[in-house]
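Engineer: Let me begin by handing over the structure; questions about it come next.
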Amino acid sequence: MSASGPSLTDAFAVLGLHGPTDQAAVVRAFRLAVKSARPDLPGGDDERFRRVIAAYRLIQSRGGVRAALAAPRQRPAALPVIGLTPHQALEGGIAEVRLGGRTLRVRAPAGMRSGEHLRLRGAADDGGDLHLPVLIRSSEGLTVVGDDLHMTWDTPRRLLTDGGRIEIETHAGSHAAWVTAGLSHPVRLRLRGLGLPARGRRPQGHLFVHLTPADDVPSAAEDLLARFTRVWTPDRLAA
């Protein structure tokens, strides 16, 4: 009970009601409660008898049968998420999503970001449109964070220590970058403009390459020598 008097919730509790109900159920509960509380019958109690009557009168006076214990609204089922790969976010593409018992094919434009929504015309049960959230999942060595792409690239330890030129194979082809000697680890390079394309108010993103030290990766010079050796065989050199 509150300091200002019993509430409707208190009144329903006195009658033994703890769930959705209607007027008929309130009357039945009142009759049972008042009968069991009658002080002239075994097990009855004068104070409880008065509380039952007061609770019933409170419910009737406030018209609180529906207001206090209205049936809880059923939460709508969670909408499915449209999963895209980083390459689909870069270039656009077709994604599939399960909706109820259906599998829908959705075309995503280039430059979608996680948290945005795609509209499916007429896909709702009532024929209306659905707006499904987009999530870009890591795939094929690429991770999307906001507007930017992130990837790792195995790099010779000696190059990370001494510095030098490095060739990085990205989703947009091979790109050269320079590593400065004496950089603190971990080393991260930014390749401008190789992130998600600009879309609406979202700017063009960048590609961040995280260089991971490796012992069995040839340096740029060693790789060039290896390719030269494969092409220029002793027979070609003698020709």
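Each chain of the structure tokens is named A, B, ... in the order shown, its residues numbered from 1; ligands are numbered from 1 in display order.
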Tell me, as a short mmCIF file (atom, residue, chain, number, x, y, z; two decimals) with C-alpha atoms, in the first residue's frame, which residues lie within 6 Å of A:Gly164, counting only C-alpha atoms; anything in the same chain fewer than 2 positions away does not count.
Structural biologist:
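The result, stored in around.cif:
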```
data_model
loop_
_atom_site.label_atom_id
_atom_site.label_comp_id
_atom_site.auth_asym_id
_atom_site.auth_seq_id
_atom_site.Cartn_x
_atom_site.Cartn_y
_atom_site.Cartn_z
CA LEU A 159 61.38 -4.37 -43.02
CA TRP A 178 56.69 3.01 -47.43
CA VAL A 179 57.41 1.90 -43.90
#
```
Engineer: Hey, what's within 7 Å of A:Ser139 if we count only C-alpha atoms and toss same-chain stuff fewer than 2 positions away? As a list in words, please?
Structural biologist: Thr85, Pro86, Arg137, Gly141, Leu142 and Thr143 of chain A
Engineer: Can you work out which one of A:Asp129, A:Asp40, A:Asp10, A:Asp215 has the shortest atom-to-atom distance to A:Ala55, counting only C-alpha atoms?
Structural biologist: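 Ranking A:Asp129, A:Asp40, A:Asp10, A:Asp215 by distance to A:Ala55, first place goes to A:Asp10.
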Engineer: Taking into account only C-alpha atoms, which residue in the set A:Pro203, A:Gly195, A:Gly100, A:Pro39 is nearest to A:Met151?
Structural biologist: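 Looking at the shortest contact to A:Met151, the residue is A:Gly195.
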Engineer: Please provide the set of residues having any atom within 10 Å of A:Val187, restricted to only C-alpha atoms, with same-chain residues fewer than 3 positions apart removed, written as a count of residues only.
Structural biologist: 10
